[in-house]
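Q: Can you keep this structure in mind? I'll have questions shortly.
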Amino acid sequence: MDSNAIKVVVVVGSTRKGRLAPNVARWFADHIGQREDMAVDVVDLLDMPMPNDLDDKDPVVVSLRPRLAQADAFVLIVPEYNRGIPGPLKTLIDCYNVEWEAKPIGFVTYGLSMAGGVRAVEHLRQIFAEFHSFGMKDIVTFPRILSHFDSENNFVPDLEGCNAAAKIMLDQLGWWAKALSAAKAIRPYRS
Ligand SMILES: Cc1cc2nc3c(=O)[nH]c(=O)nc-3n(C[C@H](O)[C@H](O)[C@H](O)COP(=O)(O)O)c2cc1C
């Protein structure tokens, strides 16, 4: 692996009992794992319960902070809940600030409907504008998510189209991560 590999934190954005998110996250993290130019760190919100009072000294918040801070880029695995995002994911975002700032963000989304999570992503774009985080134009989306599982509950996305979408988004993420890192090396954000 390239020693200058872009550090990508993948956030598993659902904590629901019976959630599908780990299947989608595993598929996507494997994509990053195949690239020489990126290193992946998966943060599962189920293992990292964020405090509802947003206490920045909460032990879980404190323990996750360095992993988010060292990230050059993020990819959020996000299901659509009521045309928006799951509550625990919003709480995670609200528990941090500088850790998100001026970094590129990719979106992998899904839902039961044909909308495929697009409305959740548009919601996230608004939220991340607050941090000057930059959402990738192209996203990976799985409309009618259940149709991407076989009878034995294996996640079997239409590989050709989905692989292409993942590559497009990761290429964009890599370009922006490098560009923003170079800019910050010349002049730190908030200087
Ligand atoms: C509270 C709730 C609201 C939902 N709202 C939507 C929705 O607005 N659009 C949609 O396509 N699917 C919606 N769904 C379906 C979820 O996107 C789908 O069940 C998905 O598998 C949830 O992700 P998870 O299994 O990783 O938690 C909703 C599911 C829940 C639990």
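Every chain in the structure tokens has a letter given in the order shown (A, B, ...), and although residue numbers restart at 1 in each chain, ligands are simply numbered from 1 in the order shown.
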Once you count only C-alpha atoms and all ligand atoms, which residues end up within 7 Å of ligand 1, and could you hand them over as a ChimeraX atom specification?

A: /A:14-16,18-21,79-84,110-117,145

Q: Any chance you could list, as a PDB file with N, CA, C and O atoms, in the first residue's frame, the residues in chain A that come up strand (DSSP E) when DSSP is run on the backbone?

A:
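And here's selection_31.pdb as it stands now:
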```
ATOM      1  N   ILE A   6      -4.627   7.510   1.317  1.00  0.00           N
ATOM      2  CA  ILE A   6      -5.685   8.378   1.851  1.00  0.00           C
ATOM      3  C   ILE A   6      -6.451   7.587   2.916  1.00  0.00           C
ATOM      4  O   ILE A   6      -6.929   6.478   2.646  1.00  0.00           O
ATOM      5  N   LYS A   7      -6.557   8.180   4.101  1.00  0.00           N
ATOM      6  CA  LYS A   7      -7.242   7.480   5.193  1.00  0.00           C
ATOM      7  C   LYS A   7      -8.745   7.755   5.102  1.00  0.00           C
ATOM      8  O   LYS A   7      -9.186   8.901   5.267  1.00  0.00           O
ATOM      9  N   VAL A   8      -9.497   6.691   4.827  1.00  0.00           N
ATOM     10  CA  VAL A   8     -10.946   6.834   4.655  1.00  0.00           C
ATOM     11  C   VAL A   8     -11.650   6.161   5.828  1.00  0.00           C
ATOM     12  O   VAL A   8     -11.475   4.959   6.056  1.00  0.00           O
ATOM     13  N   VAL A   9     -12.404   6.927   6.576  1.00  0.00           N
ATOM     14  CA  VAL A   9     -13.242   6.352   7.626  1.00  0.00           C
ATOM     15  C   VAL A   9     -14.634   6.085   7.049  1.00  0.00           C
ATOM     16  O   VAL A   9     -15.273   6.992   6.503  1.00  0.00           O
ATOM     17  N   VAL A  10     -15.059   4.824   7.136  1.00  0.00           N
ATOM     18  CA  VAL A  10     -16.395   4.426   6.692  1.00  0.00           C
ATOM     19  C   VAL A  10     -17.280   4.324   7.925  1.00  0.00           C
ATOM     20  O   VAL A  10     -16.955   3.586   8.865  1.00  0.00           O
ATOM     21  N   VAL A  11     -18.368   5.066   7.942  1.00  0.00           N
ATOM     22  CA  VAL A  11     -19.281   5.067   9.089  1.00  0.00           C
ATOM     23  C   VAL A  11     -20.507   4.214   8.759  1.00  0.00           C
ATOM     24  O   VAL A  11     -21.185   4.454   7.753  1.00  0.00           O
ATOM     25  N   VAL A  12     -20.760   3.214   9.612  1.00  0.00           N
ATOM     26  CA  VAL A  12     -21.963   2.385   9.460  1.00  0.00           C
ATOM     27  C   VAL A  12     -23.080   3.105  10.200  1.00  0.00           C
ATOM     28  O   VAL A  12     -23.102   3.155  11.429  1.00  0.00           O
ATOM     29  N   MET A  38      -5.745   3.951  -0.948  1.00  0.00           N
ATOM     30  CA  MET A  38      -6.610   4.259   0.198  1.00  0.00           C
ATOM     31  C   MET A  38      -6.477   3.212   1.293  1.00  0.00           C
ATOM     32  O   MET A  38      -6.256   2.040   1.012  1.00  0.00           O
ATOM     33  N   ALA A  39      -6.630   3.660   2.537  1.00  0.00           N
ATOM     34  CA  ALA A  39      -6.683   2.751   3.684  1.00  0.00           C
ATOM     35  C   ALA A  39      -8.015   2.979   4.384  1.00  0.00           C
ATOM     36  O   ALA A  39      -8.449   4.128   4.530  1.00  0.00           O
ATOM     37  N   VAL A  40      -8.654   1.901   4.822  1.00  0.00           N
ATOM     38  CA  VAL A  40     -10.007   2.028   5.371  1.00  0.00           C
ATOM     39  C   VAL A  40     -10.036   1.735   6.868  1.00  0.00           C
ATOM     40  O   VAL A  40      -9.327   0.861   7.360  1.00  0.00           O
ATOM     41  N   ASP A  41     -10.863   2.500   7.571  1.00  0.00           N
ATOM     42  CA  ASP A  41     -11.145   2.260   8.990  1.00  0.00           C
ATOM     43  C   ASP A  41     -12.671   2.312   9.123  1.00  0.00           C
ATOM     44  O   ASP A  41     -13.286   3.332   8.807  1.00  0.00           O
ATOM     45  N   VAL A  42     -13.274   1.203   9.550  1.00  0.00           N
ATOM     46  CA  VAL A  42     -14.737   1.147   9.637  1.00  0.00           C
ATOM     47  C   VAL A  42     -15.175   1.487  11.060  1.00  0.00           C
ATOM     48  O   VAL A  42     -14.745   0.852  12.026  1.00  0.00           O
ATOM     49  N   VAL A  43     -16.033   2.485  11.175  1.00  0.00           N
ATOM     50  CA  VAL A  43     -16.612   2.884  12.466  1.00  0.00           C
ATOM     51  C   VAL A  43     -18.082   2.477  12.457  1.00  0.00           C
ATOM     52  O   VAL A  43     -18.877   3.008  11.673  1.00  0.00           O
ATOM     53  N   ASP A  44     -18.411   1.510  13.313  1.00  0.00           N
ATOM     54  CA  ASP A  44     -19.795   1.034  13.387  1.00  0.00           C
ATOM     55  C   ASP A  44     -20.477   1.733  14.569  1.00  0.00           C
ATOM     56  O   ASP A  44     -20.051   1.573  15.718  1.00  0.00           O
ATOM     57  N   ALA A  73     -10.807  11.559   4.647  1.00  0.00           N
ATOM     58  CA  ALA A  73     -12.101  11.535   3.947  1.00  0.00           C
ATOM     59  C   ALA A  73     -13.039  10.583   4.688  1.00  0.00           C
ATOM     60  O   ALA A  73     -12.580   9.712   5.440  1.00  0.00           O
ATOM     61  N   PHE A  74     -14.326  10.771   4.441  1.00  0.00           N
ATOM     62  CA  PHE A  74     -15.330   9.898   5.064  1.00  0.00           C
ATOM     63  C   PHE A  74     -16.242   9.307   3.994  1.00  0.00           C
ATOM     64  O   PHE A  74     -16.510   9.953   2.968  1.00  0.00           O
ATOM     65  N   VAL A  75     -16.736   8.109   4.286  1.00  0.00           N
ATOM     66  CA  VAL A  75     -17.845   7.561   3.497  1.00  0.00           C
ATOM     67  C   VAL A  75     -18.913   7.146   4.491  1.00  0.00           C
ATOM     68  O   VAL A  75     -18.630   6.393   5.438  1.00  0.00           O
ATOM     69  N   LEU A  76     -20.114   7.653   4.306  1.00  0.00           N
ATOM     70  CA  LEU A  76     -21.210   7.309   5.201  1.00  0.00           C
ATOM     71  C   LEU A  76     -22.093   6.256   4.535  1.00  0.00           C
ATOM     72  O   LEU A  76     -22.524   6.431   3.394  1.00  0.00           O
ATOM     73  N   ILE A  77     -22.326   5.174   5.277  1.00  0.00           N
ATOM     74  CA  ILE A  77     -23.272   4.142   4.837  1.00  0.00           C
ATOM     75  C   ILE A  77     -24.586   4.507   5.502  1.00  0.00           C
ATOM     76  O   ILE A  77     -24.728   4.381   6.731  1.00  0.00           O
ATOM     77  N   VAL A  78     -25.529   5.008   4.723  1.00  0.00           N
ATOM     78  CA  VAL A  78     -26.714   5.611   5.342  1.00  0.00           C
ATOM     79  C   VAL A  78     -28.019   5.127   4.703  1.00  0.00           C
ATOM     80  O   VAL A  78     -28.239   5.318   3.513  1.00  0.00           O
ATOM     81  N   PRO A  79     -28.883   4.492   5.516  1.00  0.00           N
ATOM     82  CA  PRO A  79     -30.217   4.180   5.017  1.00  0.00           C
ATOM     83  C   PRO A  79     -31.126   5.401   5.123  1.00  0.00           C
ATOM     84  O   PRO A  79     -30.875   6.298   5.938  1.00  0.00           O
ATOM     85  N   PRO A 104     -13.611  15.749   2.381  1.00  0.00           N
ATOM     86  CA  PRO A 104     -14.598  15.220   1.434  1.00  0.00           C
ATOM     87  C   PRO A 104     -15.407  14.068   2.031  1.00  0.00           C
ATOM     88  O   PRO A 104     -14.882  13.288   2.831  1.00  0.00           O
ATOM     89  N   ILE A 105     -16.642  13.987   1.602  1.00  0.00           N
ATOM     90  CA  ILE A 105     -17.540  12.948   2.120  1.00  0.00           C
ATOM     91  C   ILE A 105     -18.207  12.225   0.948  1.00  0.00           C
ATOM     92  O   ILE A 105     -18.756  12.860   0.035  1.00  0.00           O
ATOM     93  N   GLY A 106     -18.158  10.906   1.004  1.00  0.00           N
ATOM     94  CA  GLY A 106     -18.870  10.086   0.024  1.00  0.00           C
ATOM     95  C   GLY A 106     -20.081   9.448   0.683  1.00  0.00           C
ATOM     96  O   GLY A 106     -20.117   9.266   1.906  1.00  0.00           O
ATOM     97  N   PHE A 107     -21.060   9.102  -0.136  1.00  0.00           N
ATOM     98  CA  PHE A 107     -22.318   8.557   0.399  1.00  0.00           C
ATOM     99  C   PHE A 107     -22.662   7.234  -0.286  1.00  0.00           C
ATOM    100  O   PHE A 107     -22.653   7.150  -1.519  1.00  0.00           O
ATOM    101  N   VAL A 108     -22.964   6.239   0.547  1.00  0.00           N
ATOM    102  CA  VAL A 108     -23.528   4.977   0.057  1.00  0.00           C
ATOM    103  C   VAL A 108     -24.871   4.858   0.745  1.00  0.00           C
ATOM    104  O   VAL A 108     -24.939   4.847   1.979  1.00  0.00           O
ATOM    105  N   THR A 109     -25.931   4.792  -0.043  1.00  0.00           N
ATOM    106  CA  THR A 109     -27.252   4.898   0.569  1.00  0.00           C
ATOM    107  C   THR A 109     -28.223   3.887  -0.015  1.00  0.00           C
ATOM    108  O   THR A 109     -27.997   3.328  -1.085  1.00  0.00           O
ATOM    109  N   TYR A 110     -29.301   3.659   0.736  1.00  0.00           N
ATOM    110  CA  TYR A 110     -30.279   2.657   0.309  1.00  0.00           C
ATOM    111  C   TYR A 110     -31.585   2.883   1.051  1.00  0.00           C
ATOM    112  O   TYR A 110     -31.660   3.632   2.026  1.00  0.00           O
ATOM    113  N   PHE A 134     -17.203  18.562   2.017  1.00  0.00           N
ATOM    114  CA  PHE A 134     -17.602  18.612   0.622  1.00  0.00           C
ATOM    115  C   PHE A 134     -18.162  17.261   0.180  1.00  0.00           C
ATOM    116  O   PHE A 134     -17.437  16.261   0.137  1.00  0.00           O
ATOM    117  N   GLY A 135     -19.449  17.212  -0.127  1.00  0.00           N
ATOM    118  CA  GLY A 135     -20.104  15.967  -0.548  1.00  0.00           C
ATOM    119  C   GLY A 135     -19.784  15.643  -1.996  1.00  0.00           C
ATOM    120  O   GLY A 135     -19.853  16.521  -2.857  1.00  0.00           O
ATOM    121  N   VAL A 140     -23.357   6.210  -4.349  1.00  0.00           N
ATOM    122  CA  VAL A 140     -23.730   4.815  -4.600  1.00  0.00           C
ATOM    123  C   VAL A 140     -25.086   4.616  -3.946  1.00  0.00           C
ATOM    124  O   VAL A 140     -25.254   4.903  -2.757  1.00  0.00           O
ATOM    125  N   THR A 141     -26.041   4.168  -4.724  1.00  0.00           N
ATOM    126  CA  THR A 141     -27.396   4.055  -4.192  1.00  0.00           C
ATOM    127  C   THR A 141     -28.010   2.697  -4.528  1.00  0.00           C
ATOM    128  O   THR A 141     -27.783   2.167  -5.620  1.00  0.00           O
ATOM    129  N   PHE A 142     -28.761   2.173  -3.563  1.00  0.00           N
ATOM    130  CA  PHE A 142     -29.453   0.903  -3.752  1.00  0.00           C
ATOM    131  C   PHE A 142     -30.951   1.092  -3.537  1.00  0.00           C
ATOM    132  O   PHE A 142     -31.444   0.975  -2.406  1.00  0.00           O
TER     133      PHE A 142
END
```

Q: Hey, what does DSSP flag as helix (DSSP H, G or I) within region 15-174 of chain A? Can you give it to me as JSON, numbers by chain?

A: {"A": [21, 22, 23, 24, 25, 26, 27, 28, 29, 30, 31, 32, 33, 59, 60, 61, 62, 63, 64, 65, 66, 67, 68, 69, 87, 88, 89, 90, 91, 92, 93, 94, 95, 118, 119, 120, 121, 122, 123, 124, 125, 126, 127, 128, 129, 145, 146, 147, 148, 159, 160, 161, 162, 163, 164, 165, 166, 167, 168, 169, 170, 171, 172, 173, 174]}

Q: Which residues are close to region 55-68 of chain A, i.e. within 8 Å by only C-alpha atoms, leaving aside same-chain residues fewer than 4 positions away? Reply as a VMD selection string.

A: chain A and resid 9 48 to 51 95 to 96 99 to 100

Q: Env of Asp94 (chain A): 9 Å cut, atoms = only C-alpha atoms, seq-sep filter 4 positions within chain, self excluded. Answer as an NGL selection string.

A: :A and (54 or 89-90)

Q: Considering only C-alpha atoms, state which residue in the set A:His132, A:Lys137, A:Lys184, A:Lys167 is at the smallest distance from His31 (chain A).

A: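 Comparing A:His132, A:Lys137, A:Lys184, A:Lys167 against His31 (chain A), the winner is A:Lys167.
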
Q: With distances taken over only C-alpha atoms, which residue among A:Asn154, A:Ala182, A:Ala120, A:Ile139 lies nearest Pro22 (chain A)?

A: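 Residue with the minimum atom-to-atom distance to Pro22 (chain A): A:Asn154.
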